[in-house]
$ cat work22.txt   # compact mmCIF, C-alpha atoms (C1' of nucleotides)
# COMPACT_ATOMS: atom_id res chain seq x y z
CA MET A 263 -7.69 -8.60 -0.45
CA GLY A 264 -8.04 -7.77 -4.10
CA ASN A 265 -6.23 -9.32 -7.01
CA SER A 266 -4.31 -6.08 -7.25
CA LYS A 267 -1.63 -4.69 -4.95
CA LEU A 268 -3.38 -1.34 -5.14
CA TYR A 269 -5.78 -2.27 -2.33
CA LYS A 270 -2.91 -2.10 0.13
CA GLY A 271 -3.61 0.76 2.47
CA SER A 272 -7.29 1.15 1.64
CA LEU A 273 -8.80 -1.31 4.13
CA THR A 274 -9.21 1.25 6.92
CA THR A 275 -10.95 3.68 4.57
CA ILE A 276 -13.36 0.96 3.44
CA ILE A 277 -14.25 -0.12 6.97
CA MET A 278 -14.79 3.43 8.21
CA LYS A 279 -16.94 4.41 5.25
CA LEU A 280 -19.19 1.35 5.68
CA LEU A 281 -19.63 2.15 9.36
CA ALA A 282 -20.44 5.75 8.50
CA GLU A 283 -23.26 4.49 6.30
CA ASN A 284 -24.53 1.62 8.43
CA ASP A 285 -24.17 2.86 12.00
CA LYS A 286 -23.02 -0.46 13.47
CA MET A 287 -21.65 -3.62 11.87
CA TYR A 288 -19.80 -6.75 12.95
CA GLY A 289 -16.68 -8.11 11.30
CA TYR A 290 -18.15 -10.94 9.29
CA GLU A 291 -20.92 -8.64 8.11
CA ILE A 292 -18.31 -6.21 6.76
CA THR A 293 -16.62 -8.93 4.68
CA GLN A 294 -19.96 -10.00 3.17
CA LYS A 295 -21.07 -6.44 2.48
CA VAL A 296 -17.83 -5.61 0.69
CA LYS A 297 -17.98 -8.81 -1.35
CA LYS A 298 -21.52 -7.95 -2.44
CA LEU A 299 -20.87 -4.27 -3.17
CA THR A 300 -17.81 -5.09 -5.28
CA GLN A 301 -19.44 -8.06 -7.02
CA GLY A 302 -16.80 -10.40 -5.64
CA GLU A 303 -13.87 -8.22 -6.73
CA LEU A 304 -12.80 -7.51 -3.18
CA ASN A 305 -12.70 -10.25 -0.57
CA ILE A 306 -11.40 -9.06 2.77
CA THR A 307 -9.52 -11.80 4.57
CA GLU A 308 -9.96 -12.38 8.28
CA GLY A 309 -6.23 -12.04 8.86
CA ALA A 310 -6.45 -8.49 7.54
CA LEU A 311 -9.84 -7.51 8.93
CA TYR A 312 -9.64 -8.40 12.60
CA PRO A 313 -6.24 -6.83 13.32
CA ALA A 314 -7.44 -3.71 11.50
CA LEU A 315 -10.60 -3.51 13.63
CA HIS A 316 -8.57 -4.00 16.81
CA LYS A 317 -6.21 -1.22 15.83
CA LEU A 318 -9.03 1.18 15.03
CA GLU A 319 -10.55 0.41 18.40
CA ALA A 320 -7.22 0.91 20.18
CA ASP A 321 -6.86 4.25 18.40
CA GLY A 322 -10.24 5.35 19.71
CA LEU A 323 -11.87 5.50 16.28
CA LEU A 324 -14.26 2.61 16.88
CA HIS A 325 -16.32 1.48 19.86
CA VAL A 326 -17.19 -2.19 20.29
CA GLU A 327 -20.28 -3.83 21.76
CA VAL A 328 -20.46 -7.61 22.13
CA LYS A 329 -23.78 -9.38 21.53
CA LYS A 330 -24.87 -12.99 21.45
CA VAL A 331 -27.12 -13.88 18.52
CA ASP A 332 -28.29 -17.48 17.87
CA ASN A 333 -25.84 -18.70 20.51
CA ARG A 334 -22.99 -17.17 18.46
CA LEU A 335 -20.79 -14.22 19.34
CA ARG A 336 -20.91 -10.96 17.44
CA LYS A 337 -18.79 -7.85 17.99
CA TYR A 338 -20.62 -4.80 16.77
CA TYR A 339 -18.40 -1.87 15.83
CA LYS A 340 -19.53 1.73 15.70
CA LEU A 341 -17.70 4.96 14.87
CA THR A 342 -16.75 7.17 17.81
CA GLU A 343 -16.93 10.94 17.42
CA LYS A 344 -13.21 10.93 16.67
CA GLY A 345 -13.81 8.13 14.19
CA THR A 346 -16.46 10.13 12.34
CA LYS A 347 -14.06 13.05 11.91
CA GLU A 348 -11.27 10.75 10.77
CA THR A 349 -13.59 9.12 8.22
CA ALA A 350 -14.11 12.48 6.55
CA ASN A 351 -10.33 12.92 6.32
CA LEU A 352 -9.85 9.46 4.85
CA LEU A 353 -12.51 10.03 2.20
CA THR A 354 -10.93 13.34 1.25
CA GLU A 355 -7.58 11.58 0.97
CA LEU A 356 -9.13 8.90 -1.23
CA GLN A 357 -10.58 11.46 -3.62
CA ARG A 358 -7.24 13.26 -3.70
CA TYR A 359 -5.41 10.00 -4.36
CA ILE A 360 -7.73 9.16 -7.23
CA GLU A 361 -7.32 12.61 -8.78
CA THR A 362 -3.55 12.46 -8.44
CA MET A 363 -3.37 9.04 -10.06
CA GLN A 364 -5.63 10.17 -12.89
CA HIS A 365 -3.24 13.09 -13.51
CA LEU A 366 -0.28 10.72 -13.65
CA VAL A 367 -1.95 8.14 -15.81
CA ASN A 368 -3.97 10.35 -18.11
CA PRO A 369 -1.46 12.37 -20.21
CA LYS A 370 -3.99 15.01 -21.22
CA PHE A 371 -3.78 16.41 -17.70
CA SER A 372 0.01 16.67 -17.92
CA LEU A 373 1.51 19.98 -16.79
CA ASP A 374 4.62 20.12 -18.96
CA MET B 107 5.55 8.60 -0.74
CA GLY B 108 2.32 10.51 -0.38
CA ASN B 109 0.84 11.84 2.80
CA SER B 110 -1.77 9.12 2.43
CA LYS B 111 -1.36 5.38 2.97
CA LEU B 112 -3.28 4.82 -0.24
CA TYR B 113 -0.15 5.27 -2.36
CA LYS B 114 1.18 2.02 -0.96
CA GLY B 115 1.24 -0.46 -3.83
CA SER B 116 1.01 2.06 -6.64
CA LEU B 117 4.69 2.89 -7.14
CA THR B 118 5.29 0.23 -9.79
CA THR B 119 2.28 1.41 -11.79
CA ILE B 120 3.53 5.00 -11.68
CA ILE B 121 7.05 4.10 -12.80
CA MET B 122 5.88 1.90 -15.65
CA LYS B 123 3.38 4.44 -16.94
CA LEU B 124 6.00 7.21 -16.99
CA LEU B 125 8.36 4.97 -18.92
CA ALA B 126 5.61 4.11 -21.37
CA GLU B 127 5.23 7.82 -22.08
CA ASN B 128 8.87 8.89 -22.00
CA ASP B 129 10.74 5.97 -23.58
CA LYS B 130 13.71 6.14 -21.22
CA MET B 131 14.25 7.82 -17.85
CA TYR B 132 16.70 7.64 -14.96
CA GLY B 133 15.75 7.31 -11.30
CA TYR B 134 16.24 10.85 -10.14
CA GLU B 135 14.40 12.10 -13.20
CA ILE B 136 11.40 9.97 -12.25
CA THR B 137 11.21 11.49 -8.76
CA GLN B 138 11.33 15.03 -10.18
CA LYS B 139 8.78 14.30 -12.89
CA VAL B 140 6.33 12.83 -10.39
CA LYS B 141 6.80 15.75 -8.01
CA LYS B 142 6.06 18.17 -10.83
CA LEU B 143 3.10 16.28 -12.28
CA THR B 144 1.47 15.98 -8.86
CA GLN B 145 2.28 19.54 -7.80
CA GLY B 146 4.32 18.27 -4.87
CA GLU B 147 1.62 15.89 -3.61
CA LEU B 148 3.68 12.80 -4.32
CA ASN B 149 7.36 12.67 -3.42
CA ILE B 150 8.92 9.32 -4.17
CA THR B 151 11.66 8.49 -1.69
CA GLU B 152 14.94 6.97 -2.81
CA GLY B 153 14.51 4.07 -0.39
CA ALA B 154 11.33 3.13 -2.24
CA LEU B 155 12.40 3.99 -5.78
CA TYR B 156 15.71 2.23 -6.23
CA PRO B 157 14.70 -1.16 -4.82
CA ALA B 158 11.55 -0.96 -6.99
CA LEU B 159 13.60 -0.27 -10.13
CA HIS B 160 15.99 -3.12 -9.31
CA LYS B 161 13.10 -5.51 -8.86
CA LEU B 162 11.48 -4.50 -12.14
CA GLU B 163 14.80 -5.05 -13.88
CA ALA B 164 15.27 -8.43 -12.21
CA ASP B 165 11.76 -9.39 -13.34
CA GLY B 166 12.64 -8.55 -16.93
CA LEU B 167 10.22 -5.65 -17.19
CA LEU B 168 12.90 -2.96 -17.49
CA HIS B 169 16.22 -2.77 -19.26
CA VAL B 170 19.00 -0.57 -17.92
CA GLU B 171 21.67 1.41 -19.72
CA VAL B 172 24.36 3.26 -17.77
CA LYS B 173 25.58 6.62 -19.02
CA LYS B 174 27.98 9.23 -17.72
CA VAL B 175 26.71 12.79 -18.00
CA ASP B 176 28.66 15.74 -16.55
CA ASN B 177 31.00 13.30 -14.84
CA ARG B 178 27.99 11.89 -12.96
CA LEU B 179 26.41 8.45 -13.31
CA ARG B 180 22.95 7.94 -14.72
CA LYS B 181 21.06 4.70 -15.10
CA TYR B 182 18.54 4.98 -17.88
CA TYR B 183 15.61 2.59 -17.65
CA LYS B 184 13.44 1.52 -20.56
CA LEU B 185 10.48 -0.85 -20.82
CA THR B 186 11.16 -4.27 -22.30
CA GLU B 187 8.54 -5.88 -24.50
CA LYS B 188 7.34 -7.82 -21.47
CA GLY B 189 7.30 -4.57 -19.52
CA THR B 190 5.10 -2.87 -22.10
CA LYS B 191 2.53 -5.66 -21.87
CA GLU B 192 2.63 -5.60 -18.08
CA THR B 193 2.10 -1.82 -18.08
CA ALA B 194 -1.19 -2.29 -19.91
CA ASN B 195 -2.28 -4.78 -17.24
CA LEU B 196 -1.30 -2.44 -14.40
CA LEU B 197 -3.24 0.45 -15.92
CA THR B 198 -6.29 -1.75 -16.34
CA GLU B 199 -5.98 -2.80 -12.71
CA LEU B 200 -5.70 0.83 -11.64
CA GLN B 201 -8.89 1.78 -13.48
CA ARG B 202 -10.65 -1.24 -11.98
CA TYR B 203 -9.41 -0.34 -8.51
CA ILE B 204 -10.64 3.23 -8.86
CA GLU B 205 -14.07 2.07 -10.08
CA THR B 206 -14.37 -0.41 -7.23
CA MET B 207 -13.47 2.20 -4.63
CA GLN B 208 -15.96 4.64 -6.13
CA HIS B 209 -18.66 1.97 -5.79
CA LEU B 210 -17.77 1.44 -2.14
CA VAL B 211 -17.48 5.09 -1.26
CA ASN B 212 -20.22 6.56 -3.40
CA PRO B 213 -23.52 5.21 -2.04
CA LYS B 214 -25.49 6.05 -5.19
CA PHE B 215 -23.76 3.12 -6.90
CA SER B 216 -24.79 0.78 -4.10
CA LEU B 217 -26.37 -2.52 -5.13
CA ASP B 218 -28.60 -3.20 -2.16
C1' DT C 137 -22.58 -37.00 8.26
C1' DT C 138 -19.60 -34.27 6.06
C1' DT C 139 -19.22 -29.89 4.08
C1' DT C 140 -20.23 -25.10 4.03
C1' DA C 141 -21.49 -20.96 6.43
C1' DT C 142 -21.20 -18.07 10.38
C1' DA C 143 -18.10 -15.71 13.77
C1' DC C 144 -14.30 -14.78 16.23
C1' DA C 145 -8.83 -14.82 16.75
C1' DT C 146 -3.71 -15.02 16.22
C1' DA C 147 0.95 -16.32 14.47
C1' DA C 148 4.49 -16.76 10.84
C1' DG C 149 6.03 -14.86 6.89
C1' DA C 150 6.16 -11.78 2.70
C1' DA C 151 5.89 -7.41 0.43
C1' DA C 152 6.46 -2.66 0.17
C1' DA C 153 7.15 1.22 2.23
C1' DT C 154 9.80 4.75 5.74
C1' DT C 155 13.72 6.48 7.88
C1' DA C 156 18.44 6.79 8.26
C1' DT C 157 22.75 6.55 6.39
C1' DG C 158 26.50 6.46 2.94
C1' DT C 159 29.26 7.93 -1.31
C1' DA C 160 30.31 11.34 -4.81
C1' DT C 161 30.05 15.35 -8.03
C1' DA C 162 27.98 19.94 -9.49
C1' DT C 163 25.87 24.13 -8.68
C1' DT C 164 24.10 27.88 -6.16
C1' DT C 165 24.11 31.16 -2.44
C1' DG C 166 25.54 33.90 1.33
C1' DC D 50 35.29 31.06 -1.23
C1' DA D 51 32.87 28.24 1.94
C1' DA D 52 28.71 26.18 2.98
C1' DA D 53 24.46 24.65 1.53
C1' DT D 54 21.68 22.64 -1.88
C1' DA D 55 20.94 19.82 -5.92
C1' DT D 56 22.05 15.86 -8.58
C1' DA D 57 22.61 10.74 -8.66
C1' DC D 58 23.25 6.47 -7.09
C1' DA D 59 22.76 2.74 -3.11
C1' DT D 60 21.62 -0.13 1.02
C1' DA D 61 20.34 -1.46 5.89
C1' DA D 62 17.15 -1.46 9.79
C1' DT D 63 12.67 -1.01 10.92
C1' DT D 64 7.65 -0.50 10.37
C1' DT D 65 3.27 -1.22 8.26
C1' DT D 66 0.08 -3.98 6.09
C1' DC D 67 -1.14 -7.74 4.02
C1' DT D 68 -1.32 -13.19 2.96
C1' DT D 69 -1.42 -17.72 4.36
C1' DA D 70 -2.10 -20.97 7.74
C1' DT D 71 -4.08 -22.43 11.74
C1' DG D 72 -7.27 -22.63 15.69
C1' DT D 73 -11.92 -22.67 18.25
C1' DA D 74 -16.90 -23.06 18.10
C1' DT D 75 -21.87 -23.21 16.57
C1' DA D 76 -25.49 -23.59 12.80
C1' DA D 77 -27.25 -24.91 8.52
C1' DA D 78 -27.21 -27.35 4.22
C1' DA D 79 -25.96 -31.13 1.10
$ encode --input "work22.txt" --output "structure tokens"
Amino acid sequence: MGNSKLYKGSLTTIIMKLLAENDKMYGYEITQKVKKLTQGELNITEGALYPALHKLEADGLLHVEVKKVDNRLRKYYKLTEKGTKETANLLTELQRYIETMQHLVNPKFSLD
Amino acid sequence: MGNSKLYKGSLTTIIMKLLAENDKMYGYEITQKVKKLTQGELNITEGALYPALHKLEADGLLHVEVKKVDNRLRKYYKLTEKGTKETANLLTELQRYIETMQHLVNPKFSLD
DNA sequence: TTTTATACATAAGAAAATTATGTATATTTG
DNA sequence: CAAATATACATAATTTTCTTATGTATAAAA
């Protein structure tokens, strides 16, 4: 993914948040959207994306709908109700992670 | 580590930053410091910490000095010159990561 | 016509963590 | 005083998550 190891563990959060904003998206579309939104900083690889989508589907967080467009296959993913709830949790966790890291890295927040 | 998957990949950054602030620290001390600074949010496990410290030492980013205190062993770690430079890079990467994730998650920064 | 883009997928391997276990000493608590 | 907890290190087996490589197929651009 990114040029930094820090992106490890954040792929699911990214996918879910994009689907929360865009209702339904297909895999390739997600990679392009992320590339654009991050100005090329984050390029999701297929080897990371597709297994992640399959797992989210298996966990009942995403629902898939196959469509044929221009004689090419597309798998549209959409949040389930469970997925919508889980997205809220993941975004809360992200904010908490960011705050925690700021505390650790910014000494002026130090407790001791 | 944390209750969130997001902490994956950030352990090295945390260790290096603490050593940049505290000159020299030993492993157990790092776990306690992090627990305190994060109010219990982040508990570094020994299975993650020690292999990470050994790798940083092997990479020439940390220097180790063994001391016996109260008849117990302590391994004090300190940043090398190379480690100090690398710490600056890691902190820059962390800030960049946080900004990128804010862009993705906070729609008001959206480009399209 | 060859390369790039679109669109999916999986397999092998690496990296970084979790969980479990092990050794040993010091201190606290019931 | 005995048992539990804290201090302090370590590693091995396994799991998770990613990279890299490879594969199939159609469409568009160079």
$ interface_residues --input "work22.txt" --of "chain D" --to "chain B" --cutoff "8 Å" --atoms "only C-alpha atoms (C1' of nucleotides)" --output "PyMOL selection string"
chain D and resi 56-59
$ atom_distance --input "work22.txt" --atom1 "CA of Leu324 in chain A" --atom2 "CA of Lys340 in chain A"
5.5 Å
$ closest_residue --input "work22.txt" --among "B:Ala154, B:Val170, B:Val175, B:Ala164" --to "chain C" --atoms "all atoms listed in the file"
B:Ala154
$ closest_residue --input "work22.txt" --among "A:Asn333, A:Thr274, A:Thr342, A:Thr300" --to "chain B" --atoms "only C-alpha atoms"
A:Thr300
$ interface_residues --input "work22.txt" --of "chain B" --to "chain A" --cutoff "7 Å" --atoms "all atoms listed in the file" --output "list in words"
Ser110, Lys111, Leu112, Lys114, Gly115, Ser116, Lys123, Leu143, Thr144, Glu199, Tyr203, Ile204, Thr206, Leu210, Val211, Ser216 and Leu217 of chain B
$ closest_residue --input "work22.txt" --among "C:DT165, C:DT154, C:DT159, C:DT146" --to "chain B" --atoms "all atoms listed in the file"
C:DT154
$ interface_residues --input "work22.txt" --of "chain C" --to "chain A" --cutoff "8 Å" --atoms "all atoms listed in the file" --output "ChimeraX atom specification"
/C:142-145
$ write_last_selection --input "work22.txt" --atoms "C-alpha atoms (C1' of nucleotides)" --output "PDB file, keeping the file's coordinate frame"
ATOM      1  C1'  DT C 142     -21.200 -18.070  10.380  1.00  0.00           C
ATOM      2  C1'  DA C 143     -18.100 -15.710  13.770  1.00  0.00           C
ATOM      3  C1'  DC C 144     -14.300 -14.780  16.230  1.00  0.00           C
ATOM      4  C1'  DA C 145      -8.830 -14.820  16.750  1.00  0.00           C
TER       5       DA C 145
END
$ decode --input "work22.txt" --residues "range 342-354 of chain A" --atoms "all heavy atoms" --output "PDB file, in the first residue's frame"
ATOM      1  N   THR A 342     -23.672  -3.785   4.498  1.00  0.00           N
ATOM      2  CA  THR A 342     -24.882  -4.348   5.102  1.00  0.00           C
ATOM      3  C   THR A 342     -25.199  -3.485   6.336  1.00  0.00           C
ATOM      4  O   THR A 342     -24.451  -2.563   6.672  1.00  0.00           O
ATOM      5  CB  THR A 342     -24.642  -5.798   5.561  1.00  0.00           C
ATOM      6  OG1 THR A 342     -23.602  -5.799   6.538  1.00  0.00           O
ATOM      7  CG2 THR A 342     -24.255  -6.683   4.398  1.00  0.00           C
ATOM      8  N   GLU A 343     -26.297  -3.808   7.010  1.00  0.00           N
ATOM      9  CA  GLU A 343     -26.634  -3.067   8.223  1.00  0.00           C
ATOM     10  C   GLU A 343     -25.527  -3.247   9.267  1.00  0.00           C
ATOM     11  O   GLU A 343     -25.068  -2.291   9.888  1.00  0.00           O
ATOM     12  CB  GLU A 343     -27.968  -3.583   8.772  1.00  0.00           C
ATOM     13  CG  GLU A 343     -28.768  -2.529   9.515  1.00  0.00           C
ATOM     14  CD  GLU A 343     -30.197  -3.001   9.795  1.00  0.00           C
ATOM     15  OE1 GLU A 343     -30.825  -3.615   8.906  1.00  0.00           O
ATOM     16  OE2 GLU A 343     -30.656  -2.772  10.920  1.00  0.00           O
ATOM     17  N   LYS A 344     -25.106  -4.515   9.395  1.00  0.00           N
ATOM     18  CA  LYS A 344     -23.992  -4.826  10.297  1.00  0.00           C
ATOM     19  C   LYS A 344     -22.736  -4.054   9.904  1.00  0.00           C
ATOM     20  O   LYS A 344     -21.999  -3.561  10.758  1.00  0.00           O
ATOM     21  CB  LYS A 344     -23.723  -6.349  10.225  1.00  0.00           C
ATOM     22  CG  LYS A 344     -22.735  -6.883  11.229  1.00  0.00           C
ATOM     23  CD  LYS A 344     -22.564  -8.396  11.042  1.00  0.00           C
ATOM     24  CE  LYS A 344     -21.409  -8.949  11.854  1.00  0.00           C
ATOM     25  NZ  LYS A 344     -21.122 -10.374  11.513  1.00  0.00           N
ATOM     26  N   GLY A 345     -22.508  -3.954   8.598  1.00  0.00           N
ATOM     27  CA  GLY A 345     -21.345  -3.242   8.093  1.00  0.00           C
ATOM     28  C   GLY A 345     -21.376  -1.762   8.427  1.00  0.00           C
ATOM     29  O   GLY A 345     -20.337  -1.155   8.734  1.00  0.00           O
ATOM     30  N   THR A 346     -22.547  -1.177   8.379  1.00  0.00           N
ATOM     31  CA  THR A 346     -22.706   0.247   8.697  1.00  0.00           C
ATOM     32  C   THR A 346     -22.355   0.519  10.157  1.00  0.00           C
ATOM     33  O   THR A 346     -21.649   1.478  10.479  1.00  0.00           O
ATOM     34  CB  THR A 346     -24.148   0.705   8.416  1.00  0.00           C
ATOM     35  OG1 THR A 346     -24.435   0.468   7.036  1.00  0.00           O
ATOM     36  CG2 THR A 346     -24.329   2.175   8.719  1.00  0.00           C
ATOM     37  N   LYS A 347     -22.834  -0.389  11.032  1.00  0.00           N
ATOM     38  CA  LYS A 347     -22.508  -0.242  12.457  1.00  0.00           C
ATOM     39  C   LYS A 347     -21.011  -0.389  12.693  1.00  0.00           C
ATOM     40  O   LYS A 347     -20.406   0.374  13.445  1.00  0.00           O
ATOM     41  CB  LYS A 347     -23.267  -1.293  13.279  1.00  0.00           C
ATOM     42  CG  LYS A 347     -24.759  -1.024  13.390  1.00  0.00           C
ATOM     43  CD  LYS A 347     -25.470  -2.156  14.127  1.00  0.00           C
ATOM     44  CE  LYS A 347     -26.992  -2.027  14.010  1.00  0.00           C
ATOM     45  NZ  LYS A 347     -27.687  -3.286  14.378  1.00  0.00           N
ATOM     46  N   GLU A 348     -20.429  -1.401  12.032  1.00  0.00           N
ATOM     47  CA  GLU A 348     -19.002  -1.660  12.214  1.00  0.00           C
ATOM     48  C   GLU A 348     -18.162  -0.495  11.693  1.00  0.00           C
ATOM     49  O   GLU A 348     -17.108  -0.175  12.263  1.00  0.00           O
ATOM     50  CB  GLU A 348     -18.621  -2.965  11.502  1.00  0.00           C
ATOM     51  CG  GLU A 348     -17.171  -3.371  11.624  1.00  0.00           C
ATOM     52  CD  GLU A 348     -16.689  -3.553  13.059  1.00  0.00           C
ATOM     53  OE1 GLU A 348     -17.534  -3.647  13.976  1.00  0.00           O
ATOM     54  OE2 GLU A 348     -15.465  -3.577  13.273  1.00  0.00           O
ATOM     55  N   THR A 349     -18.614   0.151  10.649  1.00  0.00           N
ATOM     56  CA  THR A 349     -17.898   1.311  10.101  1.00  0.00           C
ATOM     57  C   THR A 349     -17.780   2.412  11.153  1.00  0.00           C
ATOM     58  O   THR A 349     -16.718   3.019  11.312  1.00  0.00           O
ATOM     59  CB  THR A 349     -18.613   1.864   8.859  1.00  0.00           C
ATOM     60  OG1 THR A 349     -18.719   0.824   7.885  1.00  0.00           O
ATOM     61  CG2 THR A 349     -17.844   3.032   8.250  1.00  0.00           C
ATOM     62  N   ALA A 350     -18.850   2.648  11.861  1.00  0.00           N
ATOM     63  CA  ALA A 350     -18.826   3.664  12.921  1.00  0.00           C
ATOM     64  C   ALA A 350     -17.773   3.305  13.966  1.00  0.00           C
ATOM     65  O   ALA A 350     -17.004   4.177  14.408  1.00  0.00           O
ATOM     66  CB  ALA A 350     -20.202   3.777  13.568  1.00  0.00           C
ATOM     67  N   ASN A 351     -17.710   2.029  14.339  1.00  0.00           N
ATOM     68  CA  ASN A 351     -16.699   1.584  15.308  1.00  0.00           C
ATOM     69  C   ASN A 351     -15.284   1.811  14.786  1.00  0.00           C
ATOM     70  O   ASN A 351     -14.413   2.292  15.515  1.00  0.00           O
ATOM     71  CB  ASN A 351     -16.864   0.093  15.618  1.00  0.00           C
ATOM     72  CG  ASN A 351     -18.163  -0.210  16.346  1.00  0.00           C
ATOM     73  OD1 ASN A 351     -18.701   0.650  17.046  1.00  0.00           O
ATOM     74  ND2 ASN A 351     -18.668  -1.417  16.181  1.00  0.00           N
ATOM     75  N   LEU A 352     -15.073   1.458  13.528  1.00  0.00           N
ATOM     76  CA  LEU A 352     -13.741   1.579  12.941  1.00  0.00           C
ATOM     77  C   LEU A 352     -13.297   3.038  12.870  1.00  0.00           C
ATOM     78  O   LEU A 352     -12.127   3.348  13.113  1.00  0.00           O
ATOM     79  CB  LEU A 352     -13.719   0.959  11.537  1.00  0.00           C
ATOM     80  CG  LEU A 352     -13.843  -0.555  11.487  1.00  0.00           C
ATOM     81  CD1 LEU A 352     -13.910  -1.043  10.044  1.00  0.00           C
ATOM     82  CD2 LEU A 352     -12.666  -1.217  12.205  1.00  0.00           C
ATOM     83  N   LEU A 353     -14.225   3.931  12.573  1.00  0.00           N
ATOM     84  CA  LEU A 353     -13.874   5.350  12.498  1.00  0.00           C
ATOM     85  C   LEU A 353     -13.569   5.915  13.882  1.00  0.00           C
ATOM     86  O   LEU A 353     -12.667   6.748  14.041  1.00  0.00           O
ATOM     87  CB  LEU A 353     -14.996   6.131  11.815  1.00  0.00           C
ATOM     88  CG  LEU A 353     -15.157   5.817  10.327  1.00  0.00           C
ATOM     89  CD1 LEU A 353     -16.340   6.564   9.738  1.00  0.00           C
ATOM     90  CD2 LEU A 353     -13.877   6.149   9.563  1.00  0.00           C
ATOM     91  N   THR A 354     -14.310   5.445  14.873  1.00  0.00           N
ATOM     92  CA  THR A 354     -14.015   5.843  16.253  1.00  0.00           C
ATOM     93  C   THR A 354     -12.626   5.362  16.653  1.00  0.00           C
ATOM     94  O   THR A 354     -11.843   6.107  17.239  1.00  0.00           O
ATOM     95  CB  THR A 354     -15.061   5.246  17.212  1.00  0.00           C
ATOM     96  OG1 THR A 354     -16.351   5.721  16.833  1.00  0.00           O
ATOM     97  CG2 THR A 354     -14.774   5.651  18.651  1.00  0.00           C
TER      98      THR A 354
END
